[in-house]
Structure formats: C-alpha cells, structure tokens
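Novice: The structure under discussion is supplied below as structure tokens; questions concerning it will follow.
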Amino acid sequence: MISMFRWIVVRDLTLAWRRRADVLSTLFFFVIVVSLFPLGIGPEMRLLQSIAPGVVWVAALLASMLSLNRVFANDYQDGTLEQLLLTPQPLYLVVMGKVLAQWLVSEVPLVLIAPLVGMQFGLDPKTLIVLFVSLLLGTPILSFIGSIGAGLTLGLRGGGVLVALLVLPLYIPVLIFGAGAVDSSILGIDPMANLYLLAALLVLSVVFAPWATAAALRISLE
Amino acid sequence: MLEATKLGCIRGARRLFRDLSFSLAPGTCMQVTGPNGCGKTSLLRIICGLLAPEEGTVTWQGASIYSMGEEYAQRLTYIGHRSGVKEDLTSVENLRVANGLAGFELTTSDARQALAHFGLSGREDLPSRFLSEGQRRRSALARLLTNESSLWVLDEVLASLDTAAIKIIEGLIEGHLTKGGMAIVATHQELRISAGSFQRLELAS
C-alpha cells in the first residue's frame with residue numbers, strides 16, 4: 001500500500017518536473033496578482049496593511065484554481081486514470097497520492113514565496129510568519145476540496161469555469177480563517193484561534209475529501 | 001472462473017444489449033466481435049467493474065466483483081483503446097509505474113527485457129510522445145509480460161499493430177492460457193490461438 005502510494009507521488013512529481021512551465025505559470029500568476037495591488041494603490045502603508053491578508057489569500061485561491069484542472073484531466077485523456085481506478089488498492093489512497101503531489105508541486109512554492117511578496121504590503125516579521133503558517137495549513141485544504149470539483153467536472157466541456165463555480169464557494173471558510181489569522185496578527189491580537197480552526201478544517205478535508213473525490217471519479221468515468 | 005449473467009447495458013438513450021450471459025473457464029480465450037457501436041467496449045468495461053451494468057451481474061469464482069473490490073482488481077489486467085501510456089514518461093518508466101501501481105515491483109533491467117521482447121530495444125529511454133502509435137501500443141502491451149494477473153481484458157489492442165506484433169500478442173495469450181489464465185479480447189481481426197480453448201461472442205447491433 002505504501003509502495004503504491006509512493007509510486008503515484010513519484011510519478012506525478014516526475015511528470016510535473018517534465019512540464020515545469022505549467023508549474024511556474026501558477027507561481028508567477030500568484031506573484032504578479034499580489035504585486036499589482038501595492039503598485040496600483042501606491043505607498044499608503046495603513047491601507048496596504050489592512051488589505052494585505054485578503055489580497056494574498058484571494059490570490060492564493062485563484063492560483064490554486066489554475067492548477068486544479070490538471071489534477072485528473074491529463075490522466076483521463078490518456079487512459080491512465082482508468083488504470084488507476086483498477087489498481088488493487090483503495091481509490092481513496094490513489095486520490096490522496098495525487099492530491100499530495102498536486103499540493104507539493106503547485107501550492108508549496110506559493111507558500112514559500114508568500115512572505116516575500118507580503119513584504120510589499122509593509123507587514124512586520126511576526127505577521128509574515130503568521131501568513132506563512134496560515135497558507136501552509138490552508139493550501140492543502142484548497143487542494144483537497146478542489147480535487148472534488150476536478151473529479152466531478154472531468155470530461156465536461158468548459159469544465160474550467162464550472163470547477164471555479166463549484167469550488168470557490170467551498171473555499172470561503174478557508175479564506176475567512178486564513179485571512180482572519182493574518183488580520184488579527186496585524187491588529188496585535190493572538191492569531192492562534194484562527195489557525196486552530198484552519199487546522200481543524202485541514203483534518204476534516206483530509207478525512208472526507210478523498211472519499212468524495214473517489215466517488216466523483218467513479219461517476220465521471222462510467 | 002468468470003461468469004456474467006443476464007447483463008444489460010443502456011448508454012444514453014440506446015439499449016446496447018440485454019440478457020447477455022457467458023462464462024469463462026480457466027485456460028479459455030474469448031473473442032468479442034461485432035459492428036462498431038454495438039457495445040464491445042461497454043461490455044469490457046462492465047467486466048472490469050468500471051461501468052455498472054443496467055441489469056445482471058458479473059461474478060468471479062462465485063463472488064460478485066462489486067463486493068470483491070480491490071481483490072478483483074488484483075486478478076485483472078485491462079488495456080483499453082486509450083492505452084494508458086504517459087507521453088512525458090519513457091517506456092521503461094511507464095512500464096515500471098504501471099507495474100508498481102498494480103503491486104509488482106519491476107527492476108529497470110526487467111522492464112528493458114520486456115520492452116525488448118516487443119521490439120522496442122533502443123527506444124526504451126525515449127519519452128513516449130516520440131513513439132509511433134503502434135510503438136506506444138507495444139509499450140502498453142509489455143505489461144502483459146510482466147504481471148501475474150489471471151484475467152486479461154484487451155480492448156481493440158490489435159489496432160495499429162503490425163503482423164509481427166500481433167504474432168507476439170497471440171504467443172503471449174497462448175502462454176497465458178496454458179498457465180490457466182483467461183483472456184477476453186475485443187477485436188475485428190482474426191485471432192489465431194492454438195492453445196487452450198477458444199470461444200467467440202458476437203454482439204449484434
């Protein structure tokens with residue numbers, strides 16, 4: 001079981017490495033969207049600080065939408081998804097492996113660079129750390145929830161827009177607690193409550209989302 | 001022993017077949033023929049458990065394949081007409097990944113050997129997108145050589161293969177049948193299988 005999980009993750013990481021441009025485009029999208037705001041608003045520290053949490057988090061949500069379509073679509077087209085459904089392992093684990101790989105490839109670079117782009121908003125070091133931690137806890141939730149939408153819209157024309165309509169409303173709690181944690185750190189309040197709630201959401205999504213995605217995939221492949 | 005009882009299939013608004021029953025004993029190869037669109041692929045997908053039949057059941061050694069789940073998947077190798085080859089991976093990588101996911105660890109040298117058997121030596125380390133359609137299919141079929149499942153379900157795999165490759169496949173199926181395996185092959189082409197027993201299922205449109 002562990003070895004097959006490893007095979008999926010290694011396979012997807014290898015494929016991502018061979019298609020580096022796709023991965024980098026998500027990262028640059030995030031960096032550019034976040035950077036547009038300080039450029040557009042100008043050096044008004046107070047205003048920038050107060051919009052920073054929302055802007056960074058919304059950019060992270062949008063960037064994650066960009067990579068979602070790729071999670072299953074390529075495997076669906078070349079028939080490897082059928083093969084994954086027929087592996088002698090629970091489909092739950094297959095989905096887990098694919099989502100983990102997607103997170104490592106598309107979200108982790110974004111989490112790592114977030115403190116750097118956050119500096120444009122004049123955030124203090126402590127708040128940058130909170131931003132980093134909130135994204136570290138929040139982005140896997142985005143990957144897990146997003147995989148449900150990606151599974152459901154597999155093989156549909158115009159699936160990209162549909163995924164956004166399905167998934168973005170489900171992202172709202174993550175956005176509220178994620179941005180809330182950064183917000184409270186800026187205001188000098190303890191951000192732990194928000195971070196704990198994010199962690200709770202993460203646990204929930206790890207347990208339930210792969211199961212829902214597995215069901216969605218079975219329906220889409222019929 | 002694989003048994004299908006009174007299978008019925010509806011795709012879209014069309015009924016493809018109904019009351020379809022057959023059984024497959026160890027050492028038997030079944031060729032599924034019929035005009036385009038008569039439901040060959042649907043039937044094969046039902047046998048694999050990818051598609052739920054409208055009516056009827058499929059059982060393996062007496063147990064329903066839906067209750068067996070992963071245990072049934074272990075007995076089965078399915079190669080569909082979308083061959084399941086990743087374009088960005090080399091043939092060796094494709095073969096090793098496919099085996100790894102099916103639960104067999106395959107060394108690089110074993111993978112090379114299997115690919116050489118299919119006439120792909122010298123091209124093992126080329127990303128599959130540089131291979132021709134027939135070569136890609138050969139590299140997908142190399143899985144038959146490296147795994148130990150007892151039921152092979154092959155959907156239109158002979159398309160775009162040359163006569164030499166078809167000979168190799170026929171040889172593999174014969175070897176598989178003599179070991180007590182079973183094979184279900186959907187194809188329009190003539191299959192020459194001299195080992196084991198052979199049956200034909202013809203679907204009408």
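Letters A, B, ... go to the chains of the structure tokens in the order shown; residues in each chain start at 1; ligands are counted from 1 in the same order.
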Any idea what's packed within 8 Å of Leu110 in chain A, counting only C-alpha atoms, ignoring anything in its chain fewer than 2 positions away? Could you give it as a list in words?

Specialist: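 Residues near the query, excluding close chain neighbours: Leu27, Phe30, Ala60, Ser106, Glu107, Val108, Leu112, Ile113 and Ala114 of chain A.
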
Novice: Extract, using only C-alpha atoms, all DNA, RNA and protein residues at most 7 Å from Leu195 in chain A, discarding same-chain residues fewer than 4 positions from it, and format them as a compact mmCIF listing (two decimals) with C-alpha atoms, in the first residue's frame.

Specialist:
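New file out-v1.txt:
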```
# COMPACT_ATOMS: atom_id res chain seq x y z
CA SER A 134 -1.85 30.13 7.60
CA ALA A 181 -5.35 34.89 11.21
CA PRO A 191 -3.93 34.60 15.71
CA ALA A 199 -6.01 23.02 11.26
```

Novice: Between A:Ala63, A:Leu142, A:Leu81, A:Ala179, single out the one closest to chain B, counting only C-alpha atoms.

Specialist: A:Leu81

Novice: Can I get the residues of chain A within 10 Å of chain B, each with the closest pair of atoms and their distance in Å to one decimal, using only C-alpha atoms, sorted chain first then ascending number, as a Markdown table?

Specialist:
```
| residue | atom | partner | partner_atom | distance |
| --- | --- | --- | --- | --- |
| A:Met1 | CA | B:Gly103 | CA | 8.1 |
| A:Ser3 | CA | B:Gly100 | CA | 7.5 |
| A:Met4 | CA | B:Leu101 | CA | 5.1 |
| A:Phe5 | CA | B:Leu101 | CA | 8.1 |
| A:Arg6 | CA | B:Gly100 | CA | 9.1 |
| A:Trp7 | CA | B:Gly100 | CA | 6.3 |
| A:Ile8 | CA | B:Leu101 | CA | 7.4 |
| A:Val10 | CA | B:Val97 | CA | 9.1 |
| A:Arg11 | CA | B:Val97 | CA | 7.1 |
| A:Thr14 | CA | B:Leu89 | CA | 8.2 |
| A:Leu15 | CA | B:Asp88 | CA | 6.5 |
| A:Ala16 | CA | B:Asp88 | CA | 9.4 |
| A:Trp17 | CA | B:Asp88 | CA | 9.8 |
| A:Arg18 | CA | B:Asp88 | CA | 6.8 |
| A:Arg19 | CA | B:Asp88 | CA | 8.3 |
| A:Asn74 | CA | B:Lys86 | CA | 8.9 |
| A:Asp75 | CA | B:Lys86 | CA | 8.0 |
| A:Tyr76 | CA | B:Gly84 | CA | 9.1 |
| A:Gln77 | CA | B:Arg82 | CA | 7.8 |
| A:Asp78 | CA | B:Gly84 | CA | 5.4 |
| A:Gly79 | CA | B:Gly84 | CA | 4.3 |
| A:Thr80 | CA | B:Gly84 | CA | 4.2 |
| A:Leu81 | CA | B:Gly84 | CA | 7.8 |
| A:Glu82 | CA | B:Leu50 | CA | 7.8 |
| A:Gln83 | CA | B:Gly84 | CA | 6.8 |
| A:Leu84 | CA | B:Leu101 | CA | 7.5 |
| A:Leu85 | CA | B:Leu50 | CA | 7.8 |
| A:Leu86 | CA | B:Ala73 | CA | 5.5 |
| A:Thr87 | CA | B:Ala102 | CA | 5.3 |
| A:Pro88 | CA | B:Glu70 | CA | 4.4 |
| A:Gln89 | CA | B:Glu70 | CA | 5.7 |
| A:Pro90 | CA | B:Glu70 | CA | 6.7 |
| A:Leu91 | CA | B:Glu70 | CA | 9.0 |
| A:Val94 | CA | B:Leu101 | CA | 9.3 |
| A:Arg218 | CA | B:Leu50 | CA | 7.5 |
| A:Ile219 | CA | B:Leu51 | CA | 9.0 |
| A:Leu221 | CA | B:Leu50 | CA | 7.2 |
| A:Glu222 | CA | B:Leu51 | CA | 5.0 |
```

Novice: Could you write those residues out with N, CA and C atoms, as a compact mmCIF listing (two decimals), in the first residue's frame?

Specialist:
```txt
# COMPACT_ATOMS: atom_id res chain seq x y z
N MET A 1 0.83 -1.20 0.00
CA MET A 1 0.00 0.00 0.00
C MET A 1 0.87 1.26 0.00
N SER A 3 3.95 1.38 -0.88
CA SER A 3 4.78 1.46 -2.08
C SER A 3 3.98 2.00 -3.25
N MET A 4 2.69 1.62 -3.31
CA MET A 4 1.90 2.11 -4.43
C MET A 4 1.60 3.61 -4.27
N PHE A 5 1.43 4.04 -3.02
CA PHE A 5 1.24 5.47 -2.73
C PHE A 5 2.48 6.24 -3.20
N ARG A 6 3.64 5.65 -2.91
CA ARG A 6 4.89 6.28 -3.31
C ARG A 6 4.99 6.36 -4.83
N TRP A 7 4.55 5.29 -5.51
CA TRP A 7 4.61 5.28 -6.98
C TRP A 7 3.79 6.42 -7.57
N ILE A 8 2.61 6.64 -7.00
CA ILE A 8 1.76 7.71 -7.54
C ILE A 8 2.41 9.06 -7.35
N VAL A 10 5.59 9.81 -6.80
CA VAL A 10 6.81 9.95 -7.61
C VAL A 10 6.46 10.17 -9.07
N ARG A 11 5.48 9.42 -9.55
CA ARG A 11 5.06 9.57 -10.95
C ARG A 11 4.60 11.00 -11.22
N THR A 14 7.46 13.46 -11.15
CA THR A 14 8.28 13.36 -12.37
C THR A 14 7.59 14.07 -13.53
N LEU A 15 6.28 13.81 -13.66
CA LEU A 15 5.54 14.44 -14.76
C LEU A 15 5.57 15.96 -14.63
N ALA A 16 5.42 16.44 -13.39
CA ALA A 16 5.42 17.90 -13.18
C ALA A 16 6.78 18.48 -13.53
N TRP A 17 7.84 17.72 -13.18
CA TRP A 17 9.19 18.19 -13.47
C TRP A 17 9.40 18.30 -14.98
N ARG A 18 8.82 17.35 -15.74
CA ARG A 18 8.98 17.39 -17.20
C ARG A 18 8.13 18.50 -17.81
N ARG A 19 7.16 19.00 -17.06
CA ARG A 19 6.31 20.11 -17.55
C ARG A 19 6.47 21.29 -16.61
N ASN A 74 -5.36 15.24 -17.48
CA ASN A 74 -4.37 14.57 -18.33
C ASN A 74 -4.47 13.06 -18.21
N ASP A 75 -4.62 12.59 -16.97
CA ASP A 75 -4.72 11.15 -16.75
C ASP A 75 -5.99 10.60 -17.40
N TYR A 76 -7.03 11.41 -17.43
CA TYR A 76 -8.28 10.98 -18.03
C TYR A 76 -8.10 10.82 -19.53
N GLN A 77 -7.41 11.80 -20.15
CA GLN A 77 -7.28 11.77 -21.59
C GLN A 77 -6.46 10.59 -22.10
N ASP A 78 -5.37 10.27 -21.42
CA ASP A 78 -4.54 9.19 -21.97
C ASP A 78 -4.87 7.81 -21.39
N GLY A 79 -5.95 7.73 -20.62
CA GLY A 79 -6.39 6.41 -20.17
C GLY A 79 -5.71 5.93 -18.89
N THR A 80 -4.78 6.71 -18.34
CA THR A 80 -4.12 6.23 -17.12
C THR A 80 -5.05 6.30 -15.91
N LEU A 81 -6.07 7.17 -15.99
CA LEU A 81 -6.99 7.26 -14.85
C LEU A 81 -7.79 5.95 -14.70
N GLU A 82 -8.19 5.38 -15.85
CA GLU A 82 -8.85 4.07 -15.81
C GLU A 82 -7.95 3.06 -15.10
N GLN A 83 -6.68 3.10 -15.47
CA GLN A 83 -5.74 2.16 -14.85
C GLN A 83 -5.63 2.41 -13.34
N LEU A 84 -5.65 3.68 -12.94
CA LEU A 84 -5.57 3.98 -11.51
C LEU A 84 -6.80 3.46 -10.77
N LEU A 85 -7.95 3.51 -11.45
CA LEU A 85 -9.18 3.00 -10.82
C LEU A 85 -9.12 1.49 -10.66
N LEU A 86 -8.33 0.84 -11.51
CA LEU A 86 -8.27 -0.62 -11.48
C LEU A 86 -7.08 -1.15 -10.69
N THR A 87 -6.37 -0.27 -9.98
CA THR A 87 -5.26 -0.78 -9.17
C THR A 87 -5.83 -1.51 -7.95
N PRO A 88 -5.12 -2.52 -7.49
CA PRO A 88 -5.64 -3.29 -6.36
C PRO A 88 -5.47 -2.57 -5.03
N GLN A 89 -5.71 -1.29 -5.00
CA GLN A 89 -5.61 -0.51 -3.77
C GLN A 89 -6.87 0.34 -3.66
N PRO A 90 -7.23 0.77 -2.45
CA PRO A 90 -8.41 1.63 -2.34
C PRO A 90 -8.20 2.92 -3.16
N LEU A 91 -9.25 3.34 -3.84
CA LEU A 91 -9.18 4.55 -4.66
C LEU A 91 -8.87 5.78 -3.79
N VAL A 94 -5.28 6.40 -3.87
CA VAL A 94 -4.86 6.94 -5.16
C VAL A 94 -5.08 8.45 -5.16
N ARG A 218 -15.43 7.85 -9.95
CA ARG A 218 -16.14 6.66 -10.44
C ARG A 218 -17.33 7.07 -11.32
N ILE A 219 -18.03 8.13 -10.90
CA ILE A 219 -19.18 8.59 -11.69
C ILE A 219 -18.70 9.15 -13.03
N LEU A 221 -16.15 8.46 -14.76
CA LEU A 221 -15.53 7.50 -15.68
C LEU A 221 -16.52 6.47 -16.22
N GLU A 222 -17.76 6.48 -15.74
CA GLU A 222 -18.73 5.48 -16.22
C GLU A 222 -19.01 5.66 -17.69
```

Novice: Fewer than 2 positions away in the same chain doesn't count, so skip those; otherwise give me all residues within 12 Å of Leu115 in chain B, counting only C-alpha atoms, as a compact mmCIF listing (two decimals) with C-alpha atoms, in the first residue's frame.

Specialist:
```txt
# COMPACT_ATOMS: atom_id res chain seq x y z
CA THR B 90 9.80 6.93 -21.15
CA SER B 91 8.69 3.39 -21.98
CA VAL B 92 10.73 2.00 -19.09
CA GLU B 93 9.19 4.47 -16.66
CA ASN B 94 5.69 3.79 -17.97
CA LEU B 95 6.13 0.08 -17.54
CA ARG B 96 7.65 0.35 -14.08
CA THR B 108 14.77 -1.42 -14.74
CA SER B 109 16.53 -4.35 -16.37
CA ASP B 110 13.37 -6.50 -16.26
CA ALA B 111 11.45 -3.64 -17.82
CA ARG B 112 14.05 -3.33 -20.59
CA GLN B 113 13.83 -7.05 -21.22
CA HIS B 117 10.55 -8.66 -26.36
CA PHE B 118 8.15 -6.21 -28.00
CA GLY B 119 10.84 -4.91 -30.33
CA LEU B 120 11.36 -1.63 -28.53
CA SER B 121 15.03 -2.04 -27.67
CA GLY B 122 16.92 1.17 -28.30
CA ARG B 123 13.81 3.25 -27.70
CA GLU B 124 13.20 2.46 -24.03
CA ASP B 125 14.52 5.78 -22.81
CA GLN B 135 5.10 1.52 -30.72
CA ARG B 136 3.14 3.23 -27.97
CA ARG B 137 0.68 0.37 -28.02
CA ARG B 138 3.53 -2.14 -27.89
CA SER B 139 4.91 -0.41 -24.84
CA ALA B 140 1.47 -0.55 -23.17
CA LEU B 141 1.16 -4.24 -24.01
CA ALA B 142 4.54 -5.02 -22.46
CA ARG B 143 2.60 -5.03 -19.17
CA LEU B 144 1.16 -8.39 -20.15
CA LEU B 145 4.64 -9.84 -19.94
CA THR B 146 5.49 -8.52 -16.52
CA ALA B 165 3.42 -7.53 -33.03
CA ILE B 168 3.81 -11.67 -30.25
```

Novice: If you count only C-alpha atoms, which residues fall within 8 Å of range 30-35 of chain B, apart from same-chain ones fewer than 2 positions away, as a PyMOL selection string?

Specialist: chain B and resi 24+28+37-38+40+183-188+191+198-205

Novice: I need the residues from that last selection saved to file as a CSV table (one decimal), in the first residue's frame (with C-alpha atoms), if you can.

Specialist:
```csv
chain,number,residue,atom,x,y,z
B,24,LEU,CA,-15.2,-18.2,-18.9
B,28,THR,CA,-10.1,-20.0,-22.2
B,37,GLY,CA,-21.0,0.9,-31.7
B,38,CYS,CA,-22.6,-2.5,-30.7
B,40,LYS,CA,-17.9,-4.2,-27.1
B,183,ALA,CA,-8.4,-13.6,-21.8
B,184,ILE,CA,-11.2,-11.5,-23.3
B,185,VAL,CA,-10.2,-9.8,-26.5
B,186,ALA,CA,-12.4,-7.4,-28.4
B,187,THR,CA,-11.1,-7.2,-32.0
B,188,HIS,CA,-12.3,-7.3,-35.6
B,191,LEU,CA,-7.1,-14.2,-33.8
B,198,PHE,CA,-11.4,-20.6,-27.7
B,199,GLN,CA,-14.9,-19.1,-27.8
B,200,ARG,CA,-16.4,-16.3,-29.7
B,201,LEU,CA,-19.1,-13.8,-28.6
B,202,GLU,CA,-20.7,-11.9,-31.3
B,203,LEU,CA,-22.7,-8.8,-30.4
B,204,ALA,CA,-25.4,-7.7,-32.9
B,205,SER,CA,-26.1,-4.1,-33.4
```

Novice: Excluding Leu201 in chain A and residues on its chain fewer than 2 positions from it, collect all residues at most 12 Å away from it, counting only C-alpha atoms, and give them as a VMD selection string.

Specialist: chain A and resid 134 137 to 142 144 to 145 170 to 178 194 to 199 203 to 209

Novice: Just want the 7 Å neighbourhood of range 148-151 of chain A, counted on only C-alpha atoms, with same-chain residues fewer than 3 positions away dropped. Output as a ChimeraX atom specification.

Specialist: /A:68-69,72,145,154,163,166-167,209,212-213,216-217

Novice: Please produce a file of those selected residues containing C-alpha atoms, as a PDB file, in the first residue's frame.

Specialist:
```
ATOM      1  CA  LEU A  68      -6.866  22.240 -10.425  1.00  0.00           C
ATOM      2  CA  ASN A  69      -7.859  21.386 -13.986  1.00  0.00           C
ATOM      3  CA  PHE A  72      -7.084  14.487 -13.293  1.00  0.00           C
ATOM      4  CA  ILE A 145     -11.610  20.468  -1.800  1.00  0.00           C
ATOM      5  CA  LEU A 154     -13.894  15.556 -15.613  1.00  0.00           C
ATOM      6  CA  VAL A 163     -14.806  23.965 -11.408  1.00  0.00           C
ATOM      7  CA  LEU A 166     -18.328  24.698  -7.797  1.00  0.00           C
ATOM      8  CA  VAL A 167     -15.221  25.061  -5.737  1.00  0.00           C
ATOM      9  CA  ALA A 209     -12.429  14.934   0.590  1.00  0.00           C
ATOM     10  CA  ALA A 212     -15.838  12.284  -2.105  1.00  0.00           C
ATOM     11  CA  THR A 213     -13.319  12.673  -4.930  1.00  0.00           C
ATOM     12  CA  ALA A 216     -16.827  11.639  -8.194  1.00  0.00           C
ATOM     13  CA  LEU A 217     -14.167   9.892 -10.287  1.00  0.00           C
TER      14      LEU A 217
END
```

Novice: What is the CA of Leu20 in chain B to CA of Lys6 in chain B distance in Å?

Specialist: 4.7 Å

Novice: Run DSSP on the backbone and give me the residues of range 23-137 of chain B it puts in helix (DSSP H, G or I), as a PyMOL selection string.

Specialist: chain B and resi 40-48+65-68+70-75+91-102+108-117+128-130+133-137

Novice: Provide the CA of Glu54 in chain B to CA of Trp211 in chain A distance in Å, to one decimal place.

Specialist: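 CA of Trp211 in chain A lies at a distance of 24.4 Å from CA of Glu54 in chain B.
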
Novice: Which residues are close to Gln120 in chain A, i.e. within 9 Å by only C-alpha atoms, leaving aside same-chain residues fewer than 5 positions away? Reply as a ChimeraX atom specification.

Specialist: /A:34-35,38,48

Novice: When DSSP is applied to the backbone of this structure, which of chain B are assigned strand (DSSP E)? Write them out as an NGL selection string.

Specialist: :B and (2-11 or 14-24 or 28-33 or 55-60 or 63-64 or 76-79 or 151-155 or 182-186 or 197-202)

Novice: So what do you get for CA of Val9 in chain A versus CA of Val71 in chain A, distance-wise?

Specialist: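 That distance, rounded to one decimal, is 12.2 Å.
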